[in-house]
Structures are given as structure tokens and as C-alpha cells.
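Each remark here refers to the structure printed beneath this line.
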Amino acid sequence: MTAAPSGAAREGRWALLFGNFVIGCGVMVVAGSLNDLTRSLQVSVAASGQLITVAALVMALGAPLLAALVGRWDRRRLLTGALLWYALGHAASALMPDYHALLPVRALSMLAAAVFTPQAAAAIGWLAPAEQRGRAITFIFLGWSVASVLGMPLHSYIGETAGWRWAFALVTVLSLIGAAWVWRSLPDGVRPPALSLAQWRDVFTHPVLMAVIAVTALSGAGQFTVFAYFAPYYRQILGAEAAQISLLFGWFGALGLAGNLLLSHHVDRFGAGRAVSVLLAGLWLSLALWPLATGVASMMLVILPWALTGFASNSAQQARLGSAAPALAPALMALNTSAIYLGQALGAGGGGAIVAANQAAGRPLYAGLNWVGLAWISLACALSLWALRRMRLPTGQTP
């Protein structure tokens, strides 16, 4: 893989960071406005949560399939088109009259996320010099952290005050801005080498690389078992008002941004594989302490380790794979993005099933969510440590 001039990387990385911010806002818009979605569409919390599950499944399946289909496309046109599709999908979603009409439109709009995130990572990895590749990839993933800082609290506040449709409309406007910025900033001719069938086979048959990708899915499942239901949990269990719910989302996002910034500055020196192990421990700690949160203030303390490490762990995983096998980066980024969304689908779907079962049995709605999430994270920790010990690059380094 030959890097393009570093000036192009500097210009493009801010546009791609903003693009990931937009994608993150769109992915999180349902979780942020879940309270109003439930009220407005007159469906249960578990049913509303399935909007997250279905969208995540589409993204999980779409990321590797679309990566194979668009491998030879110019990334400037591909990424701009993905954001335009995102704008169209969220505008249409905001106009849907009921839950059953919203569900398929929501799923189709998420195809853009399946394309943008992995292809943006592959593009910046191609543009950046080799010695800066890990930092460049984690830098554009800061967009997801910024989305949690600004997007989640905004979605929550807009949903509580004006309604979920306006939160979707905000994503539409942001998508149009992102499309224009990407078109203006990326150069023509950004085409990371398309992978052959043999290279795809190399990825799928490499046990350690696939184990690293599985870590992403397990981590996502652990987080989204609980994260998907933050908004109703805060309101129903903690008794939080709209402003307090926005505060909790903003606190989570601000810490997530701080964690990603720290990672971006130190990942190439510390090593992405080692960073992942530390970051997963933060997730484990918060879920273990979850029952101690009985109010807004104590919840801010309990989610602190999770917030610092959650988004950073996904960024570190992308950098880990990008450094492990640069020639296979387009496939690895697509599969890792797929794993992110597969984990979200497993977590949100499993959490929804637990909520529904609790409701049917007359138990507290959210009982047991954190323990199931903790089990997923424990598996992720164990598999990540195994991969860290087993993976050896030709240079003798450990990714």
C-alpha cells in the first residue's frame, strides 16, 4: 500500500472525522430519542429497541458485502454518495407515519453507515504515511466520540422536547454538510487496492485476525445490552428529567472523546493490542459496578470508566487490524465494522428480549442487563489476551 502525500491526508482526515461524526449521530439517534419514539409510535421499549437491532444487522451484513462490491470505486465519490444516501434515509424516516413503516426505511438508510466507516478508515490509511497510519485511523474515529458528546445529548433533548422526528431531521442536515465537505476535501484517485478472492480467503482463514474481529463483536454486545436502553433506564429507574438525561449522555460522550484523544496520541507508541486489553478492563469495571448507581450523581461515577474506554476500544481495534496487515486493511476494516454492528444487534436484541421477559414475569424491567453485558465483556477480554499472545507480525512485533 503506497501512501499519498501527507498534505492530502491532513486535508481529508478532518472531513472524514466529521463524516464519522455524522454516521455516529445517525446510529445513535434512536437510542437518544427512545423515550419519545416509544410514546409517539405507541410501542414498547423492547420494540423500539429493535430499531437498533435491525439497523445494526443491516450494517453488519452490509459492511463486508459492500466492501467487496465497491472495492475499485474512487473513495471521494463513494464516501460522498454514502452521506447523501444517509441524508435521504433520515429525511424519509422522519416522515414515516408509524413503527412498521419506519423499520424498513431505517434499515435501508443504515447501508450508508456500512459503507462509510470502513471505507473512510481504509482511505485514510492509504493516504497517511505508514508511520502515522495508526494515529490517522484513530483520529477519524474521534468523530464517533464527538457524536456521543454532542449528538446523543442533542437527540435526547430534542426527542424529549420537540420529538424524535426533529432529531432525525438534524441528522439529515448534518449528512448534507458532511457530503459537501468530503467532496471538497478528498482528492480524486483515492483507490486502496481492491482485494482478490484469495486475499479475502486469507482474512477469513487467519484464526488470530478473526479472533481480533470477534473481540469487537463481543465488546459491542456487552455494551449495547445496556447502552441501547440508557434513556428509558435513566428516566424510569433513576427518575431523571430531560435535562438530566442529556447531562448523562453529554458526560458519557465528553469522557469518550477524552479517551479517544488520549488513544490517538499514544496508540502508535503504546501498541494498539495492549491498549485494547486496558480499555476492555474499563468496560468490565463499569458493568460490574452498575448496581451501585442509584441516582444521577452516582451514575456519573459508575459510567466513568466505560465512557473513557468504550469508543476508544473500537478505535484501538481498527488501528490494531490496520497495523497487523496493512495489505488486507480494506477487508479487515469492513469486517471489523461489521463486527461493531453485529455486536450492537446482539446486545440490543438480547437486551430487548430480557426487558420483554422481565415485563412478562413481573420483574423490574432492566434487571440483569448489566450481568449479561458483563459476561460478553469477559469473553472479549479473554479472547483479546489470547490474540495478543498469539499474533506475531513478520517483523516480530505484536499488534
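In the C-alpha cells, chains take letters A, B, ... by order of appearance, with residues numbered from 1 within each chain and ligands from 1 in the order shown.
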For region 15-25 of chain A, find every residue with an atom within 6 Å (counting only C-alpha atoms), except residues of its own chain fewer than 3 positions away, and show them as an mmCIF file with C-alpha atoms, in the first residue's frame.
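Written output follows (result28.cif):
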data_model
loop_
_atom_site.group_PDB
_atom_site.id
_atom_site.type_symbol
_atom_site.label_atom_id
_atom_site.label_comp_id
_atom_site.auth_asym_id
_atom_site.auth_seq_id
_atom_site.Cartn_x
_atom_site.Cartn_y
_atom_site.Cartn_z
ATOM 1 C CA GLY A 12 -9.023 14.640 4.220
ATOM 2 C CA MET A 28 -27.257 6.865 17.993
ATOM 3 C CA VAL A 29 -30.390 8.851 17.113
ATOM 4 C CA ALA A 113 -23.037 3.598 7.593
ATOM 5 C CA ILE A 140 -11.019 9.957 12.216
ATOM 6 C CA GLY A 143 -15.935 11.603 15.080
ATOM 7 C CA TRP A 144 -17.850 8.859 16.873
ATOM 8 C CA ALA A 147 -21.161 12.327 18.191
ATOM 9 C CA GLY A 151 -25.239 14.118 19.140
ATOM 10 C CA SER A 175 -25.288 14.459 6.395
ATOM 11 C CA GLY A 178 -20.648 16.122 5.555
ATOM 12 C CA TRP A 181 -17.061 18.603 2.989
ATOM 13 C CA VAL A 182 -15.867 15.170 1.875
#
Report the closest atom pair, with its distance in Å rounded to one decimal, for each residue of region 333-396 of chain A that has an atom no farther than 9 Å from region 288-296 of chain A; count only C-alpha atoms, sort by chain and then rising residue number, and write it as JSON lines.
{"residue": "A:Asn370", "atom": "CA", "partner": "A:Trp290", "partner_atom": "CA", "distance": 6.6}
{"residue": "A:Trp371", "atom": "CA", "partner": "A:Ala288", "partner_atom": "CA", "distance": 7.4}
{"residue": "A:Leu374", "atom": "CA", "partner": "A:Ala288", "partner_atom": "CA", "distance": 6.7}
At a cut-off of 8 Å, using only C-alpha atoms, what residues contact region 57-61 of chain A? Leave out same-chain residues fewer than 3 positions from it and give the result as an mmCIF file with N, CA and C atoms, in the first residue's frame.
data_model
loop_
_atom_site.group_PDB
_atom_site.id
_atom_site.type_symbol
_atom_site.label_atom_id
_atom_site.label_comp_id
_atom_site.auth_asym_id
_atom_site.auth_seq_id
_atom_site.Cartn_x
_atom_site.Cartn_y
_atom_site.Cartn_z
ATOM 1 N N THR A 53 -31.585 -2.914 16.659
ATOM 2 C CA THR A 53 -31.160 -4.260 16.286
ATOM 3 C C THR A 53 -31.197 -4.474 14.773
ATOM 4 N N VAL A 54 -32.312 -4.114 14.145
ATOM 5 C CA VAL A 54 -32.469 -4.341 12.702
ATOM 6 C C VAL A 54 -31.456 -3.508 11.918
ATOM 7 N N PRO A 64 -19.091 -5.979 4.953
ATOM 8 C CA PRO A 64 -18.181 -6.791 4.126
ATOM 9 C C PRO A 64 -18.683 -6.996 2.703
ATOM 10 N N LEU A 65 -20.005 -7.166 2.525
ATOM 11 C CA LEU A 65 -20.538 -7.379 1.177
ATOM 12 C C LEU A 65 -20.326 -6.156 0.298
ATOM 13 N N ALA A 107 -33.698 0.716 8.297
ATOM 14 C CA ALA A 107 -32.716 -0.304 7.930
ATOM 15 C C ALA A 107 -31.985 0.065 6.635
ATOM 16 N N LEU A 108 -32.721 0.511 5.621
ATOM 17 C CA LEU A 108 -32.106 0.862 4.338
ATOM 18 C C LEU A 108 -31.169 2.062 4.462
ATOM 19 N N MET A 110 -29.310 2.779 6.845
ATOM 20 C CA MET A 110 -28.073 2.377 7.519
ATOM 21 C C MET A 110 -27.069 1.712 6.594
ATOM 22 N N LEU A 111 -27.457 1.421 5.345
ATOM 23 C CA LEU A 111 -26.475 0.922 4.384
ATOM 24 C C LEU A 111 -25.335 1.921 4.195
ATOM 25 N N ALA A 113 -23.994 3.788 6.497
ATOM 26 C CA ALA A 113 -23.037 3.598 7.593
ATOM 27 C C ALA A 113 -22.169 2.373 7.350
ATOM 28 N N ALA A 114 -22.751 1.328 6.753
ATOM 29 C CA ALA A 114 -21.991 0.120 6.430
ATOM 30 C C ALA A 114 -20.869 0.416 5.450
ATOM 31 N N THR A 337 -15.901 -3.328 11.159
ATOM 32 C CA THR A 337 -17.109 -2.506 11.227
ATOM 33 C C THR A 337 -18.347 -3.388 11.306
ATOM 34 N N SER A 338 -18.348 -4.460 10.514
ATOM 35 C CA SER A 338 -19.442 -5.415 10.583
ATOM 36 C C SER A 338 -19.573 -5.987 11.987
ATOM 37 N N ALA A 339 -18.424 -6.276 12.616
ATOM 38 C CA ALA A 339 -18.436 -6.822 13.975
ATOM 39 C C ALA A 339 -18.980 -5.809 14.975
ATOM 40 N N ILE A 340 -18.660 -4.519 14.775
ATOM 41 C CA ILE A 340 -19.208 -3.472 15.647
ATOM 42 C C ILE A 340 -20.726 -3.528 15.627
ATOM 43 N N TYR A 341 -21.278 -3.579 14.417
ATOM 44 C CA TYR A 341 -22.733 -3.535 14.277
ATOM 45 C C TYR A 341 -23.376 -4.872 14.652
ATOM 46 N N LEU A 342 -22.682 -5.979 14.388
ATOM 47 C CA LEU A 342 -23.194 -7.268 14.830
ATOM 48 C C LEU A 342 -23.298 -7.297 16.346
ATOM 49 N N ALA A 345 -26.269 -5.342 17.374
ATOM 50 C CA ALA A 345 -27.505 -6.087 17.151
ATOM 51 C C ALA A 345 -27.705 -7.151 18.225
#
Subject >> All residues 10 Å or closer to region 185-187 of chain A, only C-alpha atoms, same chain fewer than 4 positions away omitted, as a list in words >> reply: Ala4, Ala8, Ala9, Arg10, Glu11, Gly12, Arg13, Trp14, Ala15, Leu16, Asp74, Arg75, Arg76, Arg77, Leu79, Thr80, Ala123, Ile124, Leu127, Ala180 and Trp181 of chain A
For the residues in the current selection, export N, CA and C atoms as a JSON list (two decimals), in the first residue's frame.
[["chain", "number", "residue", "atom", "x", "y", "z"],
["A", 4, "ALA", "N", -0.36, 8.28, -0.12],
["A", 4, "ALA", "CA", -0.42, 9.50, -0.89],
["A", 4, "ALA", "C", 0.29, 10.60, -0.11],
["A", 8, "ALA", "N", -2.53, 15.62, 1.59],
["A", 8, "ALA", "CA", -3.87, 15.11, 1.29],
["A", 8, "ALA", "C", -4.46, 14.43, 2.50],
["A", 9, "ALA", "N", -3.63, 13.73, 3.27],
["A", 9, "ALA", "CA", -4.12, 13.08, 4.49],
["A", 9, "ALA", "C", -4.58, 14.12, 5.49],
["A", 10, "ARG", "N", -3.82, 15.20, 5.62],
["A", 10, "ARG", "CA", -4.21, 16.25, 6.58],
["A", 10, "ARG", "C", -5.53, 16.89, 6.19],
["A", 11, "GLU", "N", -5.72, 17.16, 4.91],
["A", 11, "GLU", "CA", -6.96, 17.79, 4.46],
["A", 11, "GLU", "C", -8.15, 16.84, 4.58],
["A", 12, "GLY", "N", -7.92, 15.57, 4.23],
["A", 12, "GLY", "CA", -9.02, 14.64, 4.22],
["A", 12, "GLY", "C", -9.44, 14.15, 5.58],
["A", 13, "ARG", "N", -8.51, 14.12, 6.54],
["A", 13, "ARG", "CA", -8.86, 13.48, 7.82],
["A", 13, "ARG", "C", -9.92, 14.25, 8.58],
["A", 14, "TRP", "N", -9.93, 15.59, 8.46],
["A", 14, "TRP", "CA", -10.96, 16.36, 9.16],
["A", 14, "TRP", "C", -12.34, 16.12, 8.55],
["A", 15, "ALA", "N", -12.38, 16.03, 7.23],
["A", 15, "ALA", "CA", -13.66, 15.73, 6.57],
["A", 15, "ALA", "C", -14.15, 14.34, 6.94],
["A", 16, "LEU", "N", -13.24, 13.37, 7.01],
["A", 16, "LEU", "CA", -13.63, 12.02, 7.36],
["A", 16, "LEU", "C", -14.01, 11.92, 8.84],
["A", 74, "ASP", "N", -13.68, 5.02, -6.65],
["A", 74, "ASP", "CA", -12.98, 6.19, -6.12],
["A", 74, "ASP", "C", -13.63, 6.58, -4.79],
["A", 75, "ARG", "N", -12.80, 6.71, -3.74],
["A", 75, "ARG", "CA", -13.35, 6.93, -2.40],
["A", 75, "ARG", "C", -13.99, 8.31, -2.24],
["A", 76, "ARG", "N", -13.55, 9.27, -3.00],
["A", 76, "ARG", "CA", -14.19, 10.59, -2.91],
["A", 76, "ARG", "C", -15.67, 10.49, -3.30],
["A", 77, "ARG", "N", -15.93, 9.83, -4.40],
["A", 77, "ARG", "CA", -17.31, 9.68, -4.87],
["A", 77, "ARG", "C", -18.11, 8.71, -3.99],
["A", 79, "LEU", "N", -17.67, 7.91, -0.73],
["A", 79, "LEU", "CA", -17.98, 8.43, 0.60],
["A", 79, "LEU", "C", -18.97, 9.59, 0.53],
["A", 80, "THR", "N", -18.85, 10.42, -0.50],
["A", 80, "THR", "CA", -19.83, 11.50, -0.69],
["A", 80, "THR", "C", -21.22, 10.90, -0.94],
["A", 123, "ALA", "N", -9.43, 4.52, 3.43],
["A", 123, "ALA", "CA", -8.95, 5.66, 2.65],
["A", 123, "ALA", "C", -7.88, 6.44, 3.39],
["A", 124, "ILE", "N", -8.11, 6.72, 4.69],
["A", 124, "ILE", "CA", -7.12, 7.50, 5.43],
["A", 124, "ILE", "C", -5.86, 6.68, 5.67],
["A", 127, "LEU", "N", -3.95, 7.14, 2.53],
["A", 127, "LEU", "CA", -3.43, 8.49, 2.37],
["A", 127, "LEU", "C", -2.27, 8.80, 3.32],
["A", 180, "ALA", "N", -20.82, 17.48, 1.41],
["A", 180, "ALA", "CA", -20.15, 18.59, 0.75],
["A", 180, "ALA", "C", -18.69, 18.70, 1.18],
["A", 181, "TRP", "N", -18.42, 18.48, 2.46],
["A", 181, "TRP", "CA", -17.06, 18.60, 2.99],
["A", 181, "TRP", "C", -16.16, 17.50, 2.44]]
Please provide the set of residues having any atom within 12 Å of Thr161 (chain A), restricted to only C-alpha atoms, with same-chain residues fewer than 5 positions apart removed, written as a PDB file with N, CA and C atoms, in the first residue's frame.
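Resulting contents of around_1.pdb:
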ATOM      1  N   SER A  33     -33.301   9.220  21.364  1.00  0.00           N
ATOM      2  CA  SER A  33     -34.699   9.674  21.369  1.00  0.00           C
ATOM      3  C   SER A  33     -35.673   8.542  21.653  1.00  0.00           C
ATOM      4  N   ASN A  35     -37.178   7.461  24.300  1.00  0.00           N
ATOM      5  CA  ASN A  35     -38.358   7.754  25.118  1.00  0.00           C
ATOM      6  C   ASN A  35     -39.500   8.300  24.264  1.00  0.00           C
ATOM      7  N   ASP A  36     -39.203   9.270  23.386  1.00  0.00           N
ATOM      8  CA  ASP A  36     -40.269   9.846  22.564  1.00  0.00           C
ATOM      9  C   ASP A  36     -40.721   8.883  21.477  1.00  0.00           C
ATOM     10  N   LEU A 154     -28.026  16.002  22.270  1.00  0.00           N
ATOM     11  CA  LEU A 154     -28.959  16.746  21.423  1.00  0.00           C
ATOM     12  C   LEU A 154     -30.160  15.892  21.037  1.00  0.00           C
ATOM     13  N   HIS A 155     -29.910  14.661  20.627  1.00  0.00           N
ATOM     14  CA  HIS A 155     -31.005  13.756  20.275  1.00  0.00           C
ATOM     15  C   HIS A 155     -31.938  13.570  21.470  1.00  0.00           C
ATOM     16  N   SER A 156     -31.327  13.383  22.631  1.00  0.00           N
ATOM     17  CA  SER A 156     -32.137  13.180  23.829  1.00  0.00           C
ATOM     18  C   SER A 156     -32.988  14.410  24.133  1.00  0.00           C
ATOM     19  N   TRP A 166     -37.667  15.450  14.709  1.00  0.00           N
ATOM     20  CA  TRP A 166     -36.732  16.562  14.562  1.00  0.00           C
ATOM     21  C   TRP A 166     -35.295  16.111  14.807  1.00  0.00           C
ATOM     22  N   ALA A 167     -35.116  15.100  15.647  1.00  0.00           N
ATOM     23  CA  ALA A 167     -33.772  14.551  15.830  1.00  0.00           C
ATOM     24  C   ALA A 167     -33.277  13.892  14.543  1.00  0.00           C
ATOM     25  N   GLU A 241     -34.886  13.725  34.792  1.00  0.00           N
ATOM     26  CA  GLU A 241     -35.656  14.573  33.894  1.00  0.00           C
ATOM     27  C   GLU A 241     -34.903  14.746  32.582  1.00  0.00           C
ATOM     28  N   ALA A 242     -35.535  15.445  31.624  1.00  0.00           N
ATOM     29  CA  ALA A 242     -34.943  15.596  30.287  1.00  0.00           C
ATOM     30  C   ALA A 242     -33.543  16.194  30.349  1.00  0.00           C
ATOM     31  N   ALA A 243     -33.384  17.262  31.142  1.00  0.00           N
ATOM     32  CA  ALA A 243     -32.077  17.914  31.223  1.00  0.00           C
ATOM     33  C   ALA A 243     -31.042  16.992  31.851  1.00  0.00           C
ATOM     34  N   SER A 246     -29.949  14.371  29.301  1.00  0.00           N
ATOM     35  CA  SER A 246     -28.993  14.983  28.370  1.00  0.00           C
ATOM     36  C   SER A 246     -27.632  15.162  29.030  1.00  0.00           C
TER      37      SER A 246
END
Original post:
Which is closest to Gln359 (chain A) among A:Ile52, A:Ala46, A:Leu247, A:Ala231, if we use only C-alpha atoms?
Top reply: A:Ala46
